[in-house]
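What follows is my_file.tsv (TSV, C-alpha atoms).
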```tsv
chain	number	residue	atom	x	y	z
V	1	MET	CA	-179.18	10.84	2.16
V	2	ASP	CA	-180.89	7.44	1.91
V	3	SER	CA	-183.26	6.13	4.56
V	4	LYS	CA	-180.59	3.86	6.10
V	5	LYS	CA	-178.20	6.78	6.56
V	6	THR	CA	-181.00	8.95	7.92
V	7	ALA	CA	-181.84	6.25	10.46
V	8	GLU	CA	-178.15	6.07	11.45
V	9	PHE	CA	-178.04	9.82	11.82
V	10	ASP	CA	-181.19	9.84	13.97
V	11	ALA	CA	-179.71	7.12	16.19
V	12	CYS	CA	-176.54	9.19	16.53
V	13	TYR	CA	-178.64	12.21	17.54
V	14	ARG	CA	-180.53	10.18	20.15
V	15	THR	CA	-177.29	8.89	21.64
V	16	TYR	CA	-175.14	11.99	21.58
V	17	ALA	CA	-177.39	15.08	21.60
V	18	PRO	CA	-178.01	15.05	25.40
V	19	LYS	CA	-174.30	14.41	26.03
V	20	MET	CA	-173.25	17.18	23.66
V	21	TYR	CA	-175.76	19.49	25.33
V	22	GLY	CA	-174.00	18.81	28.65
V	23	VAL	CA	-170.62	19.67	27.15
V	24	ALA	CA	-171.92	22.78	25.38
V	25	PHE	CA	-173.79	23.94	28.49
V	26	LYS	CA	-170.64	23.71	30.60
V	27	MET	CA	-168.69	25.50	27.92
V	28	VAL	CA	-171.07	28.45	27.40
V	29	ASN	CA	-173.03	28.34	30.66
V	30	ASN	CA	-176.36	29.14	29.04
V	31	HIS	CA	-179.27	26.88	28.08
V	32	GLN	CA	-180.34	28.51	24.83
V	33	ASP	CA	-176.81	28.94	23.51
V	34	ALA	CA	-175.97	25.35	24.44
V	35	LEU	CA	-179.07	24.11	22.63
V	36	ASP	CA	-178.21	26.21	19.55
V	37	ILE	CA	-174.70	24.76	19.60
V	38	VAL	CA	-176.06	21.21	19.71
V	39	GLN	CA	-178.51	21.80	16.85
V	40	GLU	CA	-175.90	23.59	14.72
V	41	SER	CA	-173.39	20.84	15.42
V	42	PHE	CA	-175.81	18.16	14.27
V	43	ILE	CA	-176.71	20.16	11.17
V	44	LYS	CA	-172.98	20.29	10.35
V	45	ALA	CA	-172.68	16.59	11.09
V	46	TYR	CA	-175.69	15.87	8.85
V	47	LYS	CA	-174.16	17.86	5.98
V	48	SER	CA	-170.95	15.88	6.08
V	49	TRP	CA	-172.42	12.57	7.25
V	50	GLU	CA	-171.73	10.90	3.90
V	51	LYS	CA	-168.15	12.16	3.90
V	52	PHE	CA	-167.41	10.83	7.39
V	53	ARG	CA	-165.07	7.94	6.73
V	54	GLY	CA	-164.93	6.50	10.23
V	55	GLU	CA	-161.24	7.29	10.73
V	56	SER	CA	-162.17	8.25	14.29
V	57	ALA	CA	-165.12	7.21	16.45
V	58	VAL	CA	-168.41	9.00	15.74
V	59	SER	CA	-168.36	10.30	19.32
V	60	THR	CA	-164.92	11.89	18.79
V	61	TRP	CA	-166.13	13.50	15.59
V	62	ILE	CA	-169.31	14.87	17.21
V	63	PHE	CA	-167.35	16.10	20.24
V	64	LYS	CA	-164.99	17.95	17.88
V	65	ILE	CA	-167.81	19.68	16.01
V	66	THR	CA	-169.56	20.63	19.27
V	67	LEU	CA	-166.39	22.02	20.81
V	68	ASN	CA	-165.54	24.03	17.71
V	69	ASN	CA	-169.03	25.54	17.73
V	70	SER	CA	-168.67	26.26	21.45
V	71	TYR	CA	-165.35	28.02	20.80
V	72	ASP	CA	-167.12	30.26	18.27
V	73	TYR	CA	-169.83	31.13	20.78
V	74	LEU	CA	-167.29	31.77	23.51
V	75	ARG	CA	-165.23	33.99	21.26
V	76	LYS	CA	-168.31	36.11	20.71
V	77	ARG	CA	-169.34	36.54	24.31
V	78	GLN	CA	-166.76	35.32	26.84
V	79	LYS	CA	-165.60	38.77	27.89
V	80	GLU	CA	-169.12	40.00	28.48
V	81	LYS	CA	-169.98	36.91	30.55
V	82	THR	CA	-166.96	37.12	32.88
V	83	VAL	CA	-167.65	40.76	33.64
V	84	GLU	CA	-171.28	39.90	34.37
V	85	MET	CA	-170.38	37.12	36.85
V	86	GLU	CA	-167.84	39.28	38.65
V	87	ARG	CA	-170.39	42.05	38.96
V	88	ASP	CA	-172.89	39.57	40.39
V	89	PHE	CA	-170.34	38.45	43.01
V	90	GLU	CA	-169.47	42.03	43.99
V	91	ASP	CA	-173.16	42.98	44.31
V	92	LYS	CA	-173.87	40.05	46.62
V	93	LYS	CA	-170.80	40.81	48.70
V	94	LYS	CA	-172.20	44.26	49.45
V	95	TYR	CA	-175.36	42.78	50.93
V	96	PHE	CA	-174.23	39.57	52.59
V	97	GLY	CA	-170.50	39.84	53.25
V	98	GLU	CA	-167.83	37.63	51.69
V	99	ALA	CA	-167.81	34.86	54.31
V	100	ARG	CA	-171.46	34.01	53.74
V	101	ILE	CA	-171.11	34.06	49.99
V	102	ILE	CA	-168.19	31.67	50.25
V	103	ARG	CA	-170.26	29.23	52.25
V	104	GLU	CA	-173.30	29.54	50.02
V	105	ASP	CA	-171.77	29.80	46.60
V	106	VAL	CA	-168.73	27.52	46.53
V	107	SER	CA	-169.86	25.84	43.34
V	108	LYS	CA	-170.67	29.21	41.83
V	109	LEU	CA	-167.18	30.48	42.63
V	110	VAL	CA	-165.63	27.38	41.10
V	111	LYS	CA	-167.87	27.98	38.10
V	112	SER	CA	-166.70	31.58	37.79
V	113	GLU	CA	-163.07	30.43	37.93
V	114	ILE	CA	-163.76	27.85	35.22
V	115	GLU	CA	-165.31	30.65	33.15
V	116	LYS	CA	-161.98	32.47	33.23
V	117	LEU	CA	-160.11	29.61	31.58
V	118	THR	CA	-159.28	29.85	27.89
V	119	PRO	CA	-161.73	27.98	25.63
V	120	LYS	CA	-159.27	25.15	25.06
V	121	GLN	CA	-158.40	24.85	28.78
V	122	LYS	CA	-162.10	24.83	29.53
V	123	ALA	CA	-162.71	22.08	26.99
V	124	ILE	CA	-159.94	19.92	28.47
V	125	PHE	CA	-161.20	20.49	32.01
V	126	ILE	CA	-164.81	19.67	31.09
V	127	LEU	CA	-163.98	16.56	29.08
V	128	LYS	CA	-161.78	15.23	31.88
V	129	THR	CA	-163.70	16.26	35.00
V	130	TYR	CA	-167.31	15.85	33.87
V	131	ASP	CA	-167.18	13.41	30.99
V	132	GLY	CA	-164.35	11.33	32.41
V	133	LEU	CA	-162.61	10.96	29.06
V	134	SER	CA	-159.03	9.72	28.97
V	135	TYR	CA	-156.11	12.01	28.10
V	136	HIS	CA	-155.83	10.00	24.89
V	137	GLU	CA	-159.47	10.65	23.85
V	138	ILE	CA	-159.22	14.34	24.78
V	139	ALA	CA	-156.05	14.67	22.70
V	140	LYS	CA	-157.92	13.27	19.68
V	141	ILE	CA	-160.91	15.57	20.17
V	142	THR	CA	-158.87	18.73	20.72
V	143	ASN	CA	-156.23	17.92	18.09
V	144	SER	CA	-153.46	18.05	20.70
V	145	ARG	CA	-150.74	15.73	21.89
V	146	ILE	CA	-151.37	13.58	24.98
V	147	GLY	CA	-148.47	15.28	26.78
V	148	THR	CA	-149.98	18.69	26.09
V	149	VAL	CA	-153.39	17.62	27.39
V	150	LYS	CA	-151.83	16.17	30.53
V	151	ALA	CA	-149.73	19.28	31.17
V	152	THR	CA	-152.68	21.58	30.49
V	153	TYR	CA	-154.93	19.69	32.90
V	154	PHE	CA	-152.24	19.91	35.57
V	155	GLN	CA	-151.88	23.67	34.99
V	156	ILE	CA	-155.66	24.16	35.18
V	157	ILE	CA	-155.88	22.38	38.54
V	158	GLN	CA	-152.96	24.42	39.92
V	159	LYS	CA	-154.55	27.63	38.64
V	160	LEU	CA	-157.96	26.83	40.13
V	161	LYS	CA	-156.35	25.79	43.40
V	162	LYS	CA	-154.38	29.02	43.61
V	163	ASN	CA	-157.30	31.30	42.72
V	164	LEU	CA	-159.80	29.53	44.92
V	165	TYR	CA	-157.37	29.35	47.80
V	166	ILE	CA	-157.00	33.12	47.64
V	167	LYS	CA	-160.75	33.40	48.00
V	168	GLU	CA	-160.52	31.03	50.97
V	169	VAL	CA	-162.91	28.63	49.34
V	170	ILE	CA	-160.73	25.60	49.76
V	171	LYS	CA	-159.72	26.60	53.27
V	172	ASN	CA	-163.36	26.50	54.31
V	173	GLU	CA	-163.88	23.22	52.53
V	174	LEU	CA	-161.02	21.30	54.17
B	1	MET	CA	-138.35	15.13	49.21
B	2	ASN	CA	-139.42	15.45	45.59
B	3	CYS	CA	-142.89	16.92	46.11
B	4	ASP	CA	-143.06	18.29	42.53
B	5	LYS	CA	-143.30	14.75	41.18
B	6	PHE	CA	-146.10	13.96	43.64
B	7	LYS	CA	-148.02	17.11	42.68
B	8	HIS	CA	-148.34	15.54	39.21
B	9	TYR	CA	-149.27	12.16	40.70
B	10	ILE	CA	-152.02	13.85	42.74
B	11	VAL	CA	-153.58	15.38	39.63
B	12	ASP	CA	-153.20	12.10	37.73
B	13	PHE	CA	-154.87	10.29	40.64
B	14	HIS	CA	-157.91	12.57	40.48
B	15	ALA	CA	-157.93	12.32	36.70
B	16	GLY	CA	-158.10	8.55	37.03
B	17	GLU	CA	-154.88	8.20	35.08
B	18	ILE	CA	-152.40	6.95	37.63
B	19	GLY	CA	-150.59	3.64	37.38
B	20	SER	CA	-150.68	1.21	40.32
B	21	ARG	CA	-146.96	1.65	41.06
B	22	GLU	CA	-147.26	5.48	41.10
B	23	ARG	CA	-150.38	5.24	43.23
B	24	LEU	CA	-148.57	3.15	45.83
B	25	GLU	CA	-145.62	5.56	45.73
B	26	LEU	CA	-147.98	8.49	46.28
B	27	GLU	CA	-149.74	6.81	49.19
B	28	MET	CA	-146.42	6.05	50.85
B	29	HIS	CA	-145.21	9.59	50.31
B	30	MET	CA	-148.35	11.21	51.69
B	31	LYS	CA	-148.00	9.31	54.93
B	32	SER	CA	-144.94	11.37	55.71
B	33	CYS	CA	-145.64	14.64	53.82
B	34	GLU	CA	-148.19	17.04	55.19
B	35	ASN	CA	-147.90	19.43	52.25
B	36	CYS	CA	-148.85	16.73	49.79
B	37	ARG	CA	-151.70	15.54	52.00
B	38	ARG	CA	-153.03	19.09	51.93
B	39	ASP	CA	-152.44	19.31	48.19
B	40	PHE	CA	-154.41	16.09	47.73
B	41	LYS	CA	-157.36	17.44	49.74
B	42	GLU	CA	-157.32	20.73	47.81
B	43	CYS	CA	-157.36	18.91	44.50
B	44	ASP	CA	-160.20	16.75	45.77
B	45	ALA	CA	-162.18	19.84	46.85
B	46	ILE	CA	-161.80	21.40	43.41
B	47	ILE	CA	-162.94	18.33	41.54
B	48	ARG	CA	-165.81	17.71	43.98
B	49	ASN	CA	-167.09	21.28	43.74
B	50	SER	CA	-166.68	21.35	39.98
B	51	ARG	CA	-168.83	18.26	39.65
B	52	LYS	CA	-171.63	19.95	41.58
B	53	ILE	CA	-172.14	22.20	38.57
B	54	SER	CA	-174.54	20.27	36.43
B	55	PRO	CA	-176.51	21.29	33.36
B	56	PRO	CA	-180.29	20.85	33.26
B	57	VAL	CA	-181.32	17.36	32.25
B	58	PHE	CA	-184.12	16.85	29.73
B	59	ASP	CA	-186.14	13.72	29.10
B	60	ASP	CA	-186.30	11.67	25.89
B	61	GLU	CA	-189.48	13.46	24.81
B	62	TYR	CA	-187.66	16.81	24.84
B	63	TRP	CA	-184.86	15.44	22.63
B	64	ARG	CA	-187.38	13.76	20.34
B	65	LYS	CA	-188.97	17.17	19.69
B	66	LYS	CA	-185.56	18.72	19.08
B	67	ARG	CA	-184.73	15.91	16.66
B	68	GLU	CA	-187.98	16.60	14.80
B	69	GLU	CA	-187.08	20.31	14.58
B	70	LEU	CA	-183.80	19.28	13.02
B	71	ALA	CA	-185.62	16.96	10.58
B	72	ILE	CA	-187.85	19.85	9.48
B	73	TYR	CA	-184.75	21.97	8.92
B	74	ARG	CA	-183.18	19.19	6.86
B	75	LYS	CA	-186.30	18.98	4.67
B	76	GLU	CA	-186.32	22.76	4.21
B	77	ARG	CA	-182.66	22.74	3.18
B	78	ARG	CA	-183.37	19.98	0.71
B	79	PHE	CA	-186.27	21.95	-0.73
B	80	LEU	CA	-184.19	25.14	-0.98
B	81	LEU	CA	-181.37	23.39	-2.77
B	82	LYS	CA	-183.53	21.56	-5.30
B	83	PRO	CA	-183.68	24.54	-7.71
B	84	VAL	CA	-179.86	24.73	-7.60
B	85	LEU	CA	-179.65	21.06	-8.40
B	86	ALA	CA	-182.18	21.41	-11.21
B	87	ALA	CA	-180.19	24.33	-12.62
B	88	VAL	CA	-176.96	22.30	-12.65
B	89	ALA	CA	-178.73	19.33	-14.26
B	90	ALA	CA	-180.21	21.65	-16.88
B	91	MET	CA	-176.77	23.15	-17.58
B	92	VAL	CA	-175.30	19.69	-18.13
B	93	LEU	CA	-178.13	18.74	-20.49
B	94	ILE	CA	-177.89	22.01	-22.40
B	95	SER	CA	-174.13	21.66	-22.81
B	96	VAL	CA	-174.59	18.09	-24.03
B	97	LEU	CA	-177.23	19.15	-26.52
B	98	LEU	CA	-175.08	22.02	-27.73
B	99	HIS	CA	-172.20	19.65	-28.31
B	100	GLN	CA	-174.49	17.28	-30.14
B	101	PHE	CA	-175.58	19.94	-32.59
B	102	LEU	CA	-172.22	21.69	-32.89
B	103	PRO	CA	-169.81	18.92	-33.97
B	104	GLY	CA	-166.79	21.21	-34.27
B	105	ARG	CA	-166.79	21.87	-30.49
B	106	VAL	CA	-165.74	18.36	-29.44
B	107	GLY	CA	-162.29	17.84	-27.96
B	108	ASN	CA	-161.18	21.05	-26.23
B	109	ASN	CA	-162.83	21.30	-22.88
B	110	MET	CA	-164.95	18.83	-20.97
B	111	LEU	CA	-166.27	16.75	-23.81
B	112	THR	CA	-163.53	14.74	-25.48
B	113	GLU	CA	-165.46	12.13	-27.46
B	114	ARG	CA	-168.95	11.47	-28.74
B	115	LYS	CA	-170.28	8.22	-30.09
B	116	LYS	CA	-173.97	8.37	-30.98
B	117	ASN	CA	-175.57	9.24	-27.66
B	118	THR	CA	-172.58	8.48	-25.45
B	119	PHE	CA	-170.60	11.49	-24.23
B	120	VAL	CA	-167.12	11.16	-22.75
B	121	PHE	CA	-165.92	13.98	-20.48
B	122	ASN	CA	-162.47	14.51	-19.04
B	123	THR	CA	-163.73	16.61	-16.12
B	124	LEU	CA	-166.84	16.66	-14.01
B	125	PRO	CA	-169.30	19.44	-14.85
B	126	VAL	CA	-168.80	20.86	-11.30
B	127	SER	CA	-166.17	20.07	-8.67
B	128	GLU	CA	-166.34	16.67	-6.96
B	129	ASP	CA	-166.83	18.29	-3.53
B	130	ARG	CA	-169.72	20.35	-4.83
B	131	LEU	CA	-171.30	17.28	-6.39
B	132	LEU	CA	-170.97	15.31	-3.14
B	133	GLU	CA	-172.41	18.22	-1.18
B	134	MET	CA	-175.36	18.42	-3.55
B	135	ALA	CA	-175.83	14.69	-3.43
B	136	ASP	CA	-176.60	15.07	0.28
B	137	TYR	CA	-179.75	16.94	-0.62
B	138	ILE	CA	-181.08	14.72	-3.39
B	139	ASP	CA	-183.81	12.45	-2.19
B	140	GLU	CA	-184.11	9.05	-3.79
B	141	LYS	CA	-187.21	9.92	-5.80
B	142	SER	CA	-185.65	12.99	-7.44
B	143	ALA	CA	-182.50	11.04	-8.28
B	144	ARG	CA	-184.58	8.25	-9.85
B	145	ASP	CA	-186.63	10.80	-11.84
B	146	MET	CA	-183.47	12.40	-13.21
B	147	LEU	CA	-182.03	9.04	-14.21
B	148	ASP	CA	-185.34	8.12	-15.87
B	149	ILE	CA	-185.29	11.30	-17.96
B	150	LEU	CA	-181.72	10.60	-19.06
B	151	SER	CA	-182.36	6.95	-19.90
B	152	GLU	CA	-185.64	7.69	-21.71
B	153	ASN	CA	-183.73	10.07	-23.95
B	154	ASP	CA	-181.01	7.50	-24.49
B	155	VAL	CA	-178.23	9.77	-23.27
B	156	HIS	CA	-175.13	8.22	-21.68
B	157	PHE	CA	-172.28	9.93	-19.88
B	158	THR	CA	-168.79	8.60	-19.23
B	159	PHE	CA	-166.28	10.47	-17.10
B	160	TYR	CA	-162.60	9.71	-16.99
B	161	SER	CA	-159.80	11.41	-15.08
B	162	SER	CA	-157.22	13.15	-17.24
B	163	ASN	CA	-154.58	12.00	-14.70
```
Now that the file is in, can you turn its structure into structure tokens?
Amino acid sequence: MDSKKTAEFDACYRTYAPKMYGVAFKMVNNHQDALDIVQESFIKAYKSWEKFRGESAVSTWIFKITLNNSYDYLRKRQKEKTVEMERDFEDKKKYFGEARIIREDVSKLVKSEIEKLTPKQKAIFILKTYDGLSYHEIAKITNSRIGTVKATYFQIIQKLKKNLYIKEVIKNEL
Amino acid sequence: MNCDKFKHYIVDFHAGEIGSRERLELEMHMKSCENCRRDFKECDAIIRNSRKISPPVFDDEYWRKKREELAIYRKERRFLLKPVLAAVAAMVLISVLLHQFLPGRVGNNMLTERKKNTFVFNTLPVSEDRLLEMADYIDEKSARDMLDILSENDVHFTFYSSN
């Protein structure tokens, strides 16, 4: 890669690495894994930098690589993680009682519900809720149709609402 | 009342993807529908609580170090792949030299024509993808050195597609 391309790549890293870390962190819920995902994603991007023809925005391309890497990580350890979080909740309940946990750990409960989503649902939820991307941009990144993204996001919200309502989280919040 | 339609509008509202006409319709509807008002608040609570979950934030210095780590990796990869590149270059040169000294071999495979030191091939010595991938790891100096060697020895290559 010539020095101009290397400079372009470095600029791309400066701009997108922190953002991709945020996405990866929310996907895998772990600092070291998220960091590994970011570095691996940029290594992949570097390898095919010359081949990138600009058919989509660089950000879309980087998002795609990061999400695909996150899917791989999640595939490896999602089951283990969910069990771990549920165990954590049950252990606390024994000591403090459910009502107190609900008041203290609302965000944590929401987090554990997000953890239960499928990798693709999770990606759509994260890109919409945290990164504020449009349905159109999310469709491009996740290789889906806009209608599918919209319907999936709706389903996710209904699912979270139902599950969190059961745990009385929302009730306490209103 | 068609609350199903408004359930979608509520999600679209929180997703920031609602049109002004639908927004007005939703606002009017919620004035008279308690279920939808509740639905709206629930949706709001979910989004609000979700946004409280934030990853650690690192400063520019942290990302500069990480970028440097990546640069070291890139250099290592380049170094590791140089022998492969040298081997391929050597193979091309050897095959060219063999063809030069064995005149009866011209015409069947890669080499289709030879005029003095110009060699015409109908295929690339390795696949185009492989060549492009390798090209990623050639630094400018190495590429220039290779070209110098070829030009000093007055060897020319021409590739054409058989299609």
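Using all atoms listed in the file, the contacts of Arg64 of chain B at a cut-off of 12 Å, with sequence neighbours closer than 2 positions omitted, comprise Asp10, Ala11, Tyr13, Arg14, Thr15, Ala17 and Pro18 of chain V; Phe58, Asp59, Asp60, Glu61, Tyr62, Lys66, Arg67, Glu68, Glu69, Leu70 and Ala71 of chain B.
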Inset, instruction - Just give me the gap between atom CA of Arg48 of chain B and atom CA of Thr129 of chain V in Å, one decimal is fine. - result: 9.3 Å
Check which residues of chain V sit at most 9 Å from chain B using all atoms listed in the file, and return one row each with the closest pair of atoms and their distance in Å to one decimal, ordered by chain and rising number, as a tab-separated table.
```
residue	atom	partner	partner_atom	distance
V:Met1	CA	B:Asp136	CA	5.3
V:Asp2	CA	B:Glu140	CA	6.7
V:Ser3	CA	B:Glu140	CA	8.9
V:Asp10	CA	B:Arg67	CA	7.5
V:Tyr13	CA	B:Arg67	CA	7.2
V:Arg14	CA	B:Trp63	CA	7.3
V:Ala17	CA	B:Trp63	CA	7.5
V:Pro18	CA	B:Trp63	CA	7.4
V:Tyr21	CA	B:Pro55	CA	8.3
V:Gly22	CA	B:Pro55	CA	5.9
V:Val23	CA	B:Pro55	CA	8.7
V:Phe25	CA	B:Pro55	CA	6.2
V:Lys26	CA	B:Pro55	CA	6.9
V:Asn29	CA	B:Pro55	CA	8.3
V:Asn30	CA	B:Pro55	CA	9.0
V:His31	CA	B:Pro56	CA	8.0
V:Gln39	CA	B:Leu70	CA	7.0
V:Phe42	CA	B:Leu70	CA	8.2
V:Ile43	CA	B:Leu70	CA	7.4
V:Tyr46	CA	B:Arg74	CA	8.4
V:Lys47	CA	B:Asp136	CA	6.8
V:Ser48	CA	B:Glu133	CA	7.8
V:Trp49	CA	B:Asp136	CA	8.5
V:Glu50	CA	B:Asp136	CA	7.4
V:Lys51	CA	B:Leu132	CA	8.2
V:Val106	CA	B:Asn49	CA	7.0
V:Ser107	CA	B:Asn49	CA	5.4
V:Lys108	CA	B:Ile53	CA	7.9
V:Val110	CA	B:Ser50	CA	6.2
V:Lys111	CA	B:Ser50	CA	7.0
V:Ile114	CA	B:Ser50	CA	8.6
V:Lys128	CA	B:Ala15	CA	6.8
V:Thr129	CA	B:Ile47	CA	6.9
V:Tyr130	CA	B:Arg51	CA	6.4
V:Gly132	CA	B:Ala15	CA	7.8
V:Ser134	CA	B:Glu17	CA	7.5
V:Tyr135	CA	B:Glu17	CA	8.0
V:Lys150	CA	B:Asp12	CA	8.4
V:Ala151	CA	B:His8	CA	9.0
V:Tyr153	CA	B:Val11	CA	8.1
V:Phe154	CA	B:Val11	CA	6.2
V:Ile157	CA	B:Cys43	CA	7.1
V:Gln158	CA	B:Cys43	CA	8.4
V:Leu160	CA	B:Ile46	CA	7.4
V:Lys161	CA	B:Glu42	CA	6.8
V:Leu164	CA	B:Ile46	CA	8.5
V:Tyr165	CA	B:Glu42	CA	8.6
V:Ile170	CA	B:Glu42	CA	6.3
V:Lys171	CA	B:Glu42	CA	8.4
V:Glu173	CA	B:Ala45	CA	6.8
V:Leu174	CA	B:Lys41	CA	6.9
```
Just C-alpha atoms for this one: save the residues we selected as a PDB file, keeping the file's coordinate frame.
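The resulting file, selection.pdb, is reproduced below:
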```
ATOM      1  CA  MET V   1    -179.180  10.840   2.160  1.00  0.00           C
ATOM      2  CA  ASP V   2    -180.890   7.440   1.910  1.00  0.00           C
ATOM      3  CA  SER V   3    -183.260   6.130   4.560  1.00  0.00           C
ATOM      4  CA  ASP V  10    -181.190   9.840  13.970  1.00  0.00           C
ATOM      5  CA  TYR V  13    -178.640  12.210  17.540  1.00  0.00           C
ATOM      6  CA  ARG V  14    -180.530  10.180  20.150  1.00  0.00           C
ATOM      7  CA  ALA V  17    -177.390  15.080  21.600  1.00  0.00           C
ATOM      8  CA  PRO V  18    -178.010  15.050  25.400  1.00  0.00           C
ATOM      9  CA  TYR V  21    -175.760  19.490  25.330  1.00  0.00           C
ATOM     10  CA  GLY V  22    -174.000  18.810  28.650  1.00  0.00           C
ATOM     11  CA  VAL V  23    -170.620  19.670  27.150  1.00  0.00           C
ATOM     12  CA  PHE V  25    -173.790  23.940  28.490  1.00  0.00           C
ATOM     13  CA  LYS V  26    -170.640  23.710  30.600  1.00  0.00           C
ATOM     14  CA  ASN V  29    -173.030  28.340  30.660  1.00  0.00           C
ATOM     15  CA  ASN V  30    -176.360  29.140  29.040  1.00  0.00           C
ATOM     16  CA  HIS V  31    -179.270  26.880  28.080  1.00  0.00           C
ATOM     17  CA  GLN V  39    -178.510  21.800  16.850  1.00  0.00           C
ATOM     18  CA  PHE V  42    -175.810  18.160  14.270  1.00  0.00           C
ATOM     19  CA  ILE V  43    -176.710  20.160  11.170  1.00  0.00           C
ATOM     20  CA  TYR V  46    -175.690  15.870   8.850  1.00  0.00           C
ATOM     21  CA  LYS V  47    -174.160  17.860   5.980  1.00  0.00           C
ATOM     22  CA  SER V  48    -170.950  15.880   6.080  1.00  0.00           C
ATOM     23  CA  TRP V  49    -172.420  12.570   7.250  1.00  0.00           C
ATOM     24  CA  GLU V  50    -171.730  10.900   3.900  1.00  0.00           C
ATOM     25  CA  LYS V  51    -168.150  12.160   3.900  1.00  0.00           C
ATOM     26  CA  VAL V 106    -168.730  27.520  46.530  1.00  0.00           C
ATOM     27  CA  SER V 107    -169.860  25.840  43.340  1.00  0.00           C
ATOM     28  CA  LYS V 108    -170.670  29.210  41.830  1.00  0.00           C
ATOM     29  CA  VAL V 110    -165.630  27.380  41.100  1.00  0.00           C
ATOM     30  CA  LYS V 111    -167.870  27.980  38.100  1.00  0.00           C
ATOM     31  CA  ILE V 114    -163.760  27.850  35.220  1.00  0.00           C
ATOM     32  CA  LYS V 128    -161.780  15.230  31.880  1.00  0.00           C
ATOM     33  CA  THR V 129    -163.700  16.260  35.000  1.00  0.00           C
ATOM     34  CA  TYR V 130    -167.310  15.850  33.870  1.00  0.00           C
ATOM     35  CA  GLY V 132    -164.350  11.330  32.410  1.00  0.00           C
ATOM     36  CA  SER V 134    -159.030   9.720  28.970  1.00  0.00           C
ATOM     37  CA  TYR V 135    -156.110  12.010  28.100  1.00  0.00           C
ATOM     38  CA  LYS V 150    -151.830  16.170  30.530  1.00  0.00           C
ATOM     39  CA  ALA V 151    -149.730  19.280  31.170  1.00  0.00           C
ATOM     40  CA  TYR V 153    -154.930  19.690  32.900  1.00  0.00           C
ATOM     41  CA  PHE V 154    -152.240  19.910  35.570  1.00  0.00           C
ATOM     42  CA  ILE V 157    -155.880  22.380  38.540  1.00  0.00           C
ATOM     43  CA  GLN V 158    -152.960  24.420  39.920  1.00  0.00           C
ATOM     44  CA  LEU V 160    -157.960  26.830  40.130  1.00  0.00           C
ATOM     45  CA  LYS V 161    -156.350  25.790  43.400  1.00  0.00           C
ATOM     46  CA  LEU V 164    -159.800  29.530  44.920  1.00  0.00           C
ATOM     47  CA  TYR V 165    -157.370  29.350  47.800  1.00  0.00           C
ATOM     48  CA  ILE V 170    -160.730  25.600  49.760  1.00  0.00           C
ATOM     49  CA  LYS V 171    -159.720  26.600  53.270  1.00  0.00           C
ATOM     50  CA  GLU V 173    -163.880  23.220  52.530  1.00  0.00           C
ATOM     51  CA  LEU V 174    -161.020  21.300  54.170  1.00  0.00           C
TER      52      LEU V 174
END
```
Legend entry - Separation of atom CA of Arg145 of chain V from atom CA of Leu127 of chain V, in Å and rounded to one decimal: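 Computing it gives 15.1 Å between the two atoms.
Atom CA of Lys64 of chain V sits 11.3 Å away from atom CA of Ala24 of chain V.
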